[in-house]
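Colleague: If it helps, the file is called coords-v9.txt and holds compact mmCIF, C-alpha atoms:
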```txt
# COMPACT_ATOMS: atom_id res chain seq x y z
CA MET D 1 126.69 116.24 69.51
CA CYS D 2 123.42 117.91 70.42
CA VAL D 3 120.30 116.18 69.23
CA ALA D 4 117.06 118.12 69.39
CA MET D 5 114.26 116.09 70.88
CA CYS D 6 110.92 116.05 69.13
CA CYS D 7 108.69 116.31 72.17
CA ASN D 8 108.81 117.71 75.68
CA ARG D 9 108.25 114.58 77.76
CA SER D 10 109.89 113.71 81.00
CA VAL D 11 112.80 111.28 80.85
CA THR D 12 110.96 108.98 83.22
CA GLU D 13 108.24 108.48 80.60
CA GLU D 14 110.84 107.72 77.94
CA LEU D 15 112.87 105.23 79.93
CA ALA D 16 112.24 101.57 79.19
CA GLY D 17 114.07 100.16 82.20
CA LYS D 18 117.48 100.70 80.58
CA GLU D 19 118.23 104.09 82.10
CA LYS D 20 117.94 105.20 85.70
CA LEU D 21 117.31 108.82 86.68
CA VAL D 22 120.24 110.09 88.77
CA LEU D 23 119.60 113.85 89.04
CA GLN D 24 116.73 116.19 88.17
CA GLU D 25 117.18 119.97 88.72
CA GLU D 26 115.66 123.23 87.50
CA CYS D 27 118.30 125.24 85.64
CA GLU D 28 119.10 127.62 82.81
CA LEU D 29 120.93 126.90 79.56
CA VAL D 30 123.12 129.95 78.98
CA THR D 31 123.98 130.78 75.36
CA VAL D 32 125.55 133.80 73.72
CA MET D 33 122.17 135.17 72.65
CA GLU D 34 119.81 134.13 75.46
CA VAL D 35 119.21 132.32 78.72
CA VAL D 36 116.71 129.46 78.44
CA LYS D 37 114.94 128.28 81.60
CA GLY D 38 114.43 124.56 81.79
CA GLN D 39 115.15 121.31 83.56
CA LEU D 40 118.31 119.19 83.54
CA GLU D 41 117.94 115.43 83.94
CA VAL D 42 120.93 113.12 84.26
CA THR D 43 120.44 109.39 83.75
CA THR D 44 122.87 106.49 83.70
CA SER D 45 123.51 106.96 79.97
CA HIS D 46 122.29 110.44 78.90
CA ILE D 47 122.00 114.08 79.93
CA TYR D 48 118.73 115.78 78.95
CA PHE D 49 117.75 119.45 78.92
CA PHE D 50 114.05 120.33 78.56
CA ASP D 51 113.08 123.89 77.61
CA HIS D 52 110.41 125.38 79.94
CA THR D 53 110.11 128.81 78.34
CA PRO D 54 106.72 129.90 76.99
CA SER D 55 106.04 128.90 73.40
CA ARG D 56 107.90 130.97 70.85
CA GLU D 57 106.50 132.33 67.59
CA THR D 58 108.13 129.52 65.63
CA GLY D 59 107.03 126.87 68.11
CA GLU D 60 110.58 125.55 68.46
CA THR D 61 111.86 124.47 71.84
CA GLN D 62 115.45 123.97 72.83
CA ASP D 63 115.32 120.41 74.14
CA PHE D 64 118.64 118.59 74.00
CA LYS D 65 119.94 115.09 74.61
CA TRP D 66 123.63 114.26 75.06
CA GLN D 67 125.16 110.82 75.57
CA LEU D 68 127.39 110.41 78.61
CA ALA D 69 129.84 108.49 76.42
CA GLU D 70 130.39 111.74 74.47
CA LEU D 71 131.13 113.78 77.62
CA ARG D 72 134.81 114.71 77.92
CA GLU D 73 135.11 117.26 80.76
CA ILE D 74 133.06 119.02 83.43
CA HIS D 75 134.07 122.33 84.97
CA PHE D 76 132.45 124.17 87.87
CA ARG D 77 131.90 127.80 86.86
CA ARG D 78 130.75 131.12 88.27
CA TYR D 79 127.74 132.86 86.78
CA ASN D 80 126.74 136.34 87.97
CA LEU D 81 129.40 136.12 90.70
CA ARG D 82 127.93 132.92 92.16
CA ARG D 83 129.30 129.39 92.06
CA SER D 84 126.14 128.10 90.46
CA ALA D 85 127.10 126.76 87.03
CA LEU D 86 128.60 123.78 85.25
CA GLU D 87 130.20 123.80 81.83
CA LEU D 88 130.08 120.48 79.97
CA PHE D 89 132.56 119.71 77.18
CA PHE D 90 131.96 116.94 74.64
CA ILE D 91 134.27 114.93 72.38
CA ASP D 92 132.97 116.68 69.24
CA GLN D 93 134.41 119.99 70.59
CA SER D 94 130.97 121.36 71.53
CA ASN D 95 130.05 122.57 75.00
CA CYS D 96 127.09 123.77 77.02
CA PHE D 97 126.87 126.11 80.01
CA ILE D 98 124.24 125.20 82.62
CA ASN D 99 123.38 127.59 85.46
CA PHE D 100 121.43 126.40 88.49
CA GLN D 101 119.01 128.58 90.46
CA LYS D 102 121.10 128.25 93.61
CA GLU D 103 124.74 127.46 94.12
CA VAL D 104 125.74 124.03 92.88
CA ASN D 105 124.36 122.15 95.83
CA LYS D 106 125.81 119.19 97.63
CA LYS D 107 123.53 116.77 95.74
CA ALA D 108 124.76 117.92 92.32
CA LYS D 109 128.38 117.89 93.50
CA ASN D 110 127.97 114.35 94.85
CA VAL D 111 126.45 113.20 91.55
CA THR D 112 129.32 114.81 89.65
CA ASP D 113 132.02 113.36 91.92
CA GLY D 114 130.42 109.96 92.47
CA PHE D 115 128.81 109.31 89.10
CA LEU D 116 130.00 111.51 86.24
CA PHE D 117 133.70 111.65 87.08
CA PRO D 118 134.04 107.83 87.12
CA VAL D 119 132.26 107.76 83.73
CA LEU D 120 134.91 110.17 82.46
CA GLY D 121 137.69 108.22 84.15
CA LEU D 122 138.47 111.13 86.48
CA VAL D 123 138.86 111.42 90.23
CA GLY D 124 136.75 114.22 91.81
```
As structure tokens, what does this structure read like?
Modeller:
Amino acid sequence: MCVAMCCNRSVTEELAGKEKLVLQEECELVTVMEVVKGQLEVTTSHIYFFDHTPSRETGETQDFKWQLAELREIHFRRYNLRRSALELFFIDQSNCFINFQKEVNKKAKNVTDGFLFPVLGLVG
């Protein structure tokens, strides 16, 4: 389930010693209607997406927070003919498509294989 966050703070400011930042990368959230530039932050219990696009007329930002416990599957995807994206599937049948500026680098792959797959009970 996607929960819109009320403010655009960094996860590190929000953490009270319970969560540890595992990965922080610039990326794009790809939807049917638009591509939203932002930042993906993965902690030990949540995945955060912070919208970095200029302020819209309505003032709404697309900041999201997902619990790792709700994550069901992760798939590496191609976007614009590059291996630069991940698609995340959640237990409530929702999903999100995240594209990185460069190909999914070794750091992100190591985090996925070494951290997220064990959370999901999968072997990378």
Colleague: Could you name the residues that touch region 23-34 of chain D at 7 Å or less, counting only C-alpha atoms, but leaving out those on the same chain fewer than 4 positions away, as a ChimeraX atom specification?
Modeller: /D:38-43,97-101
Colleague: Given the selection you just returned, output its residues as a file containing C-alpha atoms, formatted as a PDB file, keeping the file's coordinate frame.
Modeller:
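Resulting contents of part_24.pdb:
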```pdb
ATOM      1  CA  GLY D  38     114.430 124.560  81.790  1.00  0.00           C
ATOM      2  CA  GLN D  39     115.150 121.310  83.560  1.00  0.00           C
ATOM      3  CA  LEU D  40     118.310 119.190  83.540  1.00  0.00           C
ATOM      4  CA  GLU D  41     117.940 115.430  83.940  1.00  0.00           C
ATOM      5  CA  VAL D  42     120.930 113.120  84.260  1.00  0.00           C
ATOM      6  CA  THR D  43     120.440 109.390  83.750  1.00  0.00           C
ATOM      7  CA  PHE D  97     126.870 126.110  80.010  1.00  0.00           C
ATOM      8  CA  ILE D  98     124.240 125.200  82.620  1.00  0.00           C
ATOM      9  CA  ASN D  99     123.380 127.590  85.460  1.00  0.00           C
ATOM     10  CA  PHE D 100     121.430 126.400  88.490  1.00  0.00           C
ATOM     11  CA  GLN D 101     119.010 128.580  90.460  1.00  0.00           C
TER      12      GLN D 101
END
```
Colleague: Which of these residues is nearest to Phe90 (chain D), using only C-alpha atoms: D:Gln67, D:Val35, D:Leu21, D:Phe76?
Modeller: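 Among the listed residues, D:Gln67 lies closest to Phe90 (chain D).
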Colleague: With distances taken over all atoms listed in the file, which of D:Ile91, D:Ala69, D:Leu86, D:Val22 is nearest to Thr44 (chain D)?
Modeller: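 Selected residue with least distance to Thr44 (chain D): D:Val22.
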Colleague: Which of these, D:Phe64, D:Lys18, D:Leu71, D:Phe50, has the shortest distance to Leu88 (chain D) once you count all atoms listed in the file?
Modeller: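 Closest residue, counting all atoms listed in the file: D:Leu71.
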Colleague: Report, in Å with one decimal, the straight-line distance from CA of Phe49 (chain D) to CA of Gln62 (chain D).
Modeller: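 The value is 7.9 Å.
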Colleague: Would you compute the distance between CA of Cys96 (chain D) and CA of Ser45 (chain D)? Give it in Å to one decimal.
Modeller: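 That distance, rounded to one decimal, is 17.4 Å.
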Colleague: Rounded to one decimal place, report the CA of Asp63 (chain D)-CA of Lys20 (chain D) distance in Å.
Modeller: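 Between CA of Asp63 (chain D) and CA of Lys20 (chain D) the gap is 19.3 Å.
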Colleague: Given the choices D:Ile74, D:His46, D:Lys102, D:His52, which gets closest to Phe89 (chain D) if the distance is worked out from only C-alpha atoms?
Modeller: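 Residue with the minimum atom-to-atom distance to Phe89 (chain D): D:Ile74.
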